[in-house]
Each structure stands twice: as structure tokens, then as C-alpha cells.
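To keep things clear, I will list the structure first and then write my remarks on it.
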Amino acid sequence: MNLHEVFISSINSIRQNKLRSFLTLLGVIIGVFSIISVMTAINVLQKSVESNLNILGTNTFYIQKYPAIQVGGSAHWKYRNRKNLTYDDYLKLKERYSGPAMISAENWHNGDPIKFKDKQTKNSVIIQGVTPEWEFSSGYFLESGRMISRTDMEQMRNVIILGQDVIDVLMPQYNPLGQTVTLRGVKFQVIGTLERKGSIFGQSEDNLVILPLTTHLKMFANRWTSLGYSISVIDMEHFEDVKEEIIFHLRLVREVPLTEENDFEVVSNTSLIDTFNQITGAIKVAALLISSIALLAAGIGIMNIMLVSVTERTREIGIRKSIGARKRDIRNQFLLEALVLTEIGALIGIILGVLAGNLVALSMKVSGVFPIQWAIIGVVVCSVIGVIFGTYPAVKAARLDPIEALRYE
Amino acid sequence: MALLALTNVTKVYQVGAVAVHALRGIDLMVEKNEYVSIMGPSGSGKSTLMNVIGCLDTPTSGTYILDGKTVHDDNIGQNGNGKLSEDELAFIRNQKIGFVFQTFNLLPRITALHNVELPLIYAGIHKKERIEMAKEALRKVNLEDRMHHQPNELSGGQRQRVAIARALVNNPSILLADEPTGNLDSVTSREIMKLMDKLHDEGNTIILVTHETEIAQHAHRIVHLLDGKIDRDETTPKGNS
Ligand SMILES: Nc1ncnc2c1ncn2[C@@H]1O[C@H](COP(=O)(O)OP(=O)(O)OP(=O)(O)O)[C@@H](O)[C@H]1O
Ligand SMILES: [Mg+2]
């Protein structure tokens, strides 16, 4: 009896017991679904992180008080007790360092609406104070007007640059340049507008306004205010050297003893991606664990159902043996049935998992992915499970005595 | 040489501490194209004998030679092929035996044609040829027009004819029927026996078990079993003519 025949006959018997087959499949489907959907979602995130993580620009790194992404909460105090990064530190750092890099400082907050005539923005607008170097490290471009200048900084001028979302809300029909907007009761003159940047992870990048850092600090700083320094390296080749050097100088400025670690965080694209991978790694492990348990349970379920099936079909086995089926014919038939069952489950699980995982892609407006390697792993693992848990019932069926089997009611 | 030869065949079933002697020394020869009925009271060992002949079961002791092949011989040791393996027995069942059961024993939920195909599938015959052979067998039992029906869509007599077609499809050396009419009414029984007679006329060797004298008289020879032994071996009027 060749494999093709066995295959057909197992498909038939699965079709004859649709409900039972489906219930058996459920475990496999859940197991495969959980791993595939998580992996798909992570792949989508990874892809968009890798292509979008020019949040900082590839040649930029960032210095701040707190880590970009905190894993776990226990270390929070360590960061809180650090001295704030001040404007003063920034000026000293700039004075000491004269390498091939632009250092800018910035501070931001939200929660203050910006008003223009009878209109006002939501509280979510990011209000950012920057130094003139911001122009080179931010990844934003001017659409019209001018950037923050040194004089703006020195005189703490009340000037403002608007992002496109803010313009859309406040003054879609006006030429923004020269208009006056109000922020916390203070009048600001619009000196520039930013080109539209689009969105990352479904979040708009254009919902912001830019002020001179000194103005921002004067109006909004409090005892918790800690600046972020953004360093954009002019020559990528020297990226690591520049990083080392800046860290060295900043330690001197902040008088960190040689024996202590940095009292600030250095964040770059690579470090962000590392952190991201750390988190997704943990999620992957969890998904693997869940799906292993589900698949194990599914395997036991399959064994159970196959044992029931062997008992139910004892007479069929007897009939087949009486007309010449050998042991291996019977064994193969039941083994293949278990295998076909698990593979159908794997297939459904993969399809549903990929669909669910790509919902993430849809919600983030990035293109979908198909995690082919995980799909293959899913199929292989399911085959192994089918064989492992299908063998015992199949061997049991093959061993039945033909006469006993024929006599079975 | 006889088609099948049993010499001093015994079969003992061990049920707990009790040994049930189902066959107590059977000597039986059947020639090619013989038509034999086996009769005897319930429990006399008829089915056991049929199962041994049909290689579904093996004797406890004695010698059984089928079509020149030693199926069982106590005197030849384990590896001298005095005792065949399960797969070798399966092969003989597939190639040389056609079994017809009282309860038809068709696989439900597959068509008559597919049921008849089954032995050929295990024989490794290709689909096209297989279907031709199965149709031919169904033609022999006059059921060609019902070949796409499933067993539950057929009458008892029709089911038994499908079973006979299945038994015939491999051109077996011998057709074994254990009470083939046991589950059928008398009219249908007569039809089935007419079919048996026809198959015998076409050259088949047939052994059938029955309780009914009328049915047994279709054969040319009647073997009477009693208590696991052959009590009487007679030739019927048909056998004399
Ligand atoms: N598997 C078995 N285990 C134990 N005893 C058995 C087994 N099969 C048959 N026997 C016994 O062997 C004896 C012969 O049984 P067998 O089935 O051959 O009788 P039979 O002549 O076919 O009877 P019937 O006309 O009722 O079919 C009986 O006493 C029966 O109880
Ligand atoms: Mg019987």
C-alpha cells in the first residue's frame, strides 16, 4: 500500500469525523498560532524599528539622565538620584570639546495648549526648547522662515517654530510667518515652519513647536528639569571615538570620580535596537514557552483521540488485516492520520498567526511580513509532535490480532 | 497434490486457567475446484477451522499446507519457516484467500467499488488497473450498477455480494464463507447460493460453513464437525452426479 493511498484514506477518516478532528486540531492551532502571531508581530516591529529608528539619525547619539527604555523598575532610584543635566553643564562641555561633532541641548514638555485667535491646540503638542545646533541633529527641516539663532538664545526671545500639525489646527489658511501665538499667556512670534515628517509607530512626528532653549528653561524649568544633549557626529567613521571623548569630557564637567560609572545615559540607534531586542527577546521566550505547552497538550490530545479512534475502528482494522493489510500498512495509516491532523492544525495556525501578527503592521501603517523561518519551524515541530504522539496508537493498532479485531463489537 | 492439506491440526484457546480445545486433531484435504460445506453444532469448531484455513489464525499443533506452501508445521523450527510471520500470513490472505463473513464486514462510509478495491490496494496494484479489476468483480456478482453506493445504501443481499466481489477480486486460490447466508432471509439466501454455485462452475474452490442442510446441499461434499473433530465426511447427490 503506497503512501498516496494511505494519505487519501487518512484524509477520508478525518473528514468522516469533522467535529472531533477539529477539536483535536484546536490545541495545535492555538500552539502554532501563539508562536506565529507573536513572531510575526515582532518581525513587523523589528522591521519598522530598523527602518524608522532614525528617530535619532544614524550619526546621532543622545545623552540624558534616564535610560531610553527601562527594563524593570528596581533601578529607578539609581537614575533619580543622579544630578540633572543642566544648561551650565552643556555650555562647559561645549567649551571643552572641539572635535568633529555638533552638540545640541534640548528640553521638552507637553500639556500647554497653544492659542491663535479663537483656536487652540490640544495639550498633546510637544513644546521643545533647543539650541541652534538642533538644526543638524534633529532630522527636521525648515519649510519656511528661519531656525533658532544664537541671538534668540542670548536674549531669550519669545520666538517659535511650528510643526505642520500645529499649523493645521491653528492657522490652515494663514501664512504662519510673523503671526503671534500665545503660550501660557506669553506672546510668541512665529519665525519658521517645519517640513512634514510623517509618523512612526502610528504616532505623528509633526505635532510640535520649537522655542529657544533659554526661553523654554526660563518659562518651564523646575527642580526636576534635566536636559537632553544630542550629539551629531559629522564623520560616521569617528562615531565611537567621538562618543568616548564626549563621555570623557562630560565626566570631567560633572566631576564623576574615576572609580564610578557614568552618571548619565548614552543612547544611540544601536543601543535602542539592543534594548528593543532585549524586550522582544523576552516576549519571544514567553511565546515559545506558551506554544510549547500548548503543543505538548495538543500532542497528548492527539494521542488520546487516536487511541479512541483505534478502539472505535478495531473492526475496520480487523477487516483490513483479513484482506491482507500488513502490520506496517495499519501502522502507517494511523501514523499518517495523526500527522495529517497536526499539519492541518499547523497550517491553520500559521495562517491565523500571520494574519493576527500583521494586524500590528496594519495598525502601524507599515508593510506586512511573513516569518517564513518560523512557519517552517512550526511545520517541523508539528510533524515531530504528530510522530511522537501518533506512534503509540498506531503501533497499538498494528499489533491487534485480526480475529479479536473482527469479533470486536 | 491437494490444494489444501491439514494433518492432525489442533487449536487450544487458553481462557484463564482453562484450556478450551476448539480443534482436536483435524485431518482434511481439499482439492482444487472442490465445493465443500462444513456443518456441525454450535461450538463444534467450524469458525475456528475456517480461520485456520484462512490464515487468520494459526494452529496450536499440526501441519497445514496451502497450495504447496507450508503455512504451519510443528516439526520445522522457528526459522525453518514452519511458522510464518504475521506479515507472511497477511500476504497469503491477500493473495490466496477470499473471505466472506456472516456479517459482511464491509468498511462503512466508502463505496462498494472502493471496498472491492481494498485487497488490490494492499497488493500494490495501480489505480487504473485496480478499478478495472474491481469493476470486473462487481460485474461477476451483478452489482455493477451499485458500485458508487455505500454499504448503508445497500440491502443485506447486495452487501454480501459486494463482500463476495471483494473476496474474488484477487483471484484467490480458495473462497472461504463462514455462514454467508446467516444474516439473510431465505429468498436472498437462495440468490447468494446461486451465485456461489456459479462461481464454483467458473472454477473457484469454495468452502462454506452453514447450519442449514438445504444450503449445505449446494456443495458436493459435506464435512460434519463434532466437538473439534471431523465426525463424518460425505458426498452429496450433486457430488455424485
Ligand atoms: N478466542 C477464543 N477464546 C476462547 N475460546 C474460543 C475462542 N474462539 C472460539 N473459542 C471456543 O472454541 C470453540 C469453537 O468455537 P467456534 O467459534 O469455532 O465454533 P463454531 O462451530 O463456529 O460455532 P457457531 O456455530 O456458534 O459459530 C467454542 O467452544 C468457543 O467457545
Ligand atoms: Mg462460527
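By convention in this document, the chains of the C-alpha cells carry letters A, B, ... by their order, each chain's residues are numbered from 1, and ligands are numbered from 1 in the order they are shown.
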
Near Ser42 of chain B, within 10 Å and counting only C-alpha atoms, which residues show up once chain neighbours fewer than 2 positions away are dropped, as a ChimeraX atom specification? /B:39-40,44-47,211,225-227

Collect all residues with atoms no farther than 12 Å from ligand 1, counting only C-alpha atoms and all ligand atoms, and output them as a PyMOL selection string. (chain A and resi 401-408) or (chain B and resi 10-24+38-52+56-58+101-102+177-180+182+208-212+224-230)

My list of candidates is B:Gln150, B:Ser173, B:Thr70, B:Thr103. Which is closest to ligand 2 when distances are computed with only C-alpha atoms and all ligand atoms?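 Of B:Gln150, B:Ser173, B:Thr70, B:Thr103, the one nearest ligand 2, counting only C-alpha atoms and all ligand atoms, is B:Thr103.
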
Residue neighbourhood segment 248-262 of chain A, 9 Å, only C-alpha atoms, exclusion window fewer than 4 positions, as a ChimeraX atom specification: /A:83,85,89-90,92-93,96-97,243-244

Interatomic distance between atom CA of Met193 of chain B and atom CA of Ala219 of chain B? 9.7 Å

Neighbouring residues of Ala165 of chain B were defined as those with any atom within 9 Å, considering only C-alpha atoms; residues of the same chain fewer than 6 positions away were excluded. Please report them as a PyMOL selection string. chain B and resi 116+134+136-141+143

Just write the chosen residues, N, CA, C and O atoms, as an mmCIF file, in the first residue's frame.
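As a result, part.cif now contains:
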data_model
loop_
_atom_site.group_PDB
_atom_site.id
_atom_site.type_symbol
_atom_site.label_atom_id
_atom_site.label_comp_id
_atom_site.auth_asym_id
_atom_site.auth_seq_id
_atom_site.Cartn_x
_atom_site.Cartn_y
_atom_site.Cartn_z
ATOM 1 N N VAL B 116 -14.265 -3.062 -2.704
ATOM 2 C CA VAL B 116 -13.743 -4.167 -3.507
ATOM 3 C C VAL B 116 -12.286 -3.911 -3.898
ATOM 4 O O VAL B 116 -11.487 -4.829 -4.042
ATOM 5 N N ALA B 134 -11.744 -4.267 -9.985
ATOM 6 C CA ALA B 134 -12.836 -4.179 -9.011
ATOM 7 C C ALA B 134 -14.180 -4.149 -9.730
ATOM 8 O O ALA B 134 -15.144 -4.805 -9.320
ATOM 9 N N GLU B 136 -14.791 -5.391 -12.635
ATOM 10 C CA GLU B 136 -14.992 -6.725 -13.194
ATOM 11 C C GLU B 136 -15.585 -7.660 -12.130
ATOM 12 O O GLU B 136 -16.530 -8.416 -12.381
ATOM 13 N N ALA B 137 -15.026 -7.591 -10.895
ATOM 14 C CA ALA B 137 -15.519 -8.442 -9.803
ATOM 15 C C ALA B 137 -16.969 -8.098 -9.482
ATOM 16 O O ALA B 137 -17.794 -8.988 -9.246
ATOM 17 N N LEU B 138 -17.288 -6.799 -9.474
ATOM 18 C CA LEU B 138 -18.667 -6.382 -9.200
ATOM 19 C C LEU B 138 -19.602 -6.843 -10.312
ATOM 20 O O LEU B 138 -20.767 -7.165 -10.079
ATOM 21 N N ARG B 139 -19.082 -6.890 -11.527
ATOM 22 C CA ARG B 139 -19.883 -7.379 -12.655
ATOM 23 C C ARG B 139 -20.234 -8.847 -12.431
ATOM 24 O O ARG B 139 -21.356 -9.276 -12.650
ATOM 25 N N LYS B 140 -19.250 -9.608 -11.939
ATOM 26 C CA LYS B 140 -19.467 -11.036 -11.692
ATOM 27 C C LYS B 140 -20.589 -11.277 -10.694
ATOM 28 O O LYS B 140 -21.283 -12.281 -10.762
ATOM 29 N N VAL B 141 -20.747 -10.375 -9.725
ATOM 30 C CA VAL B 141 -21.805 -10.568 -8.732
ATOM 31 C C VAL B 141 -23.030 -9.726 -9.071
ATOM 32 O O VAL B 141 -23.911 -9.520 -8.233
ATOM 33 N N LEU B 143 -23.483 -6.465 -9.608
ATOM 34 C CA LEU B 143 -23.708 -5.251 -8.822
ATOM 35 C C LEU B 143 -23.042 -4.030 -9.437
ATOM 36 O O LEU B 143 -22.816 -3.039 -8.768
#

As a list in words, please: the residues near His220 of chain B (cut-off 6 Å, only C-alpha atoms, same-chain neighbours under 6 positions excluded).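 Here the qualifying residues turn out to be Tyr35, Thr235, Thr236, Lys238 and Gly239 of chain B.
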
Write a file of the selected residues as an mmCIF file, in the first residue's frame, keeping N, CA, C and O atoms.
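The file below, part_10.cif, is the result:
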data_model
loop_
_atom_site.group_PDB
_atom_site.id
_atom_site.type_symbol
_atom_site.label_atom_id
_atom_site.label_comp_id
_atom_site.auth_asym_id
_atom_site.auth_seq_id
_atom_site.Cartn_x
_atom_site.Cartn_y
_atom_site.Cartn_z
ATOM 1 N N TYR B 35 -16.124 -28.158 -3.833
ATOM 2 C CA TYR B 35 -17.191 -27.321 -3.283
ATOM 3 C C TYR B 35 -17.610 -28.010 -1.991
ATOM 4 O O TYR B 35 -18.288 -29.031 -2.024
ATOM 5 N N THR B 235 -20.349 -37.306 0.615
ATOM 6 C CA THR B 235 -20.530 -36.722 -0.701
ATOM 7 C C THR B 235 -22.020 -36.511 -0.922
ATOM 8 O O THR B 235 -22.825 -37.378 -0.596
ATOM 9 N N THR B 236 -22.415 -35.347 -1.437
ATOM 10 C CA THR B 236 -23.827 -35.047 -1.660
ATOM 11 C C THR B 236 -24.256 -35.611 -2.998
ATOM 12 O O THR B 236 -23.407 -35.968 -3.831
ATOM 13 N N LYS B 238 -25.215 -34.047 -5.455
ATOM 14 C CA LYS B 238 -24.626 -33.217 -6.507
ATOM 15 C C LYS B 238 -23.210 -33.667 -6.811
ATOM 16 O O LYS B 238 -22.746 -33.640 -7.943
ATOM 17 N N GLY B 239 -22.510 -34.093 -5.748
ATOM 18 C CA GLY B 239 -21.117 -34.518 -5.907
ATOM 19 C C GLY B 239 -21.017 -35.835 -6.662
ATOM 20 O O GLY B 239 -20.019 -36.104 -7.334
#
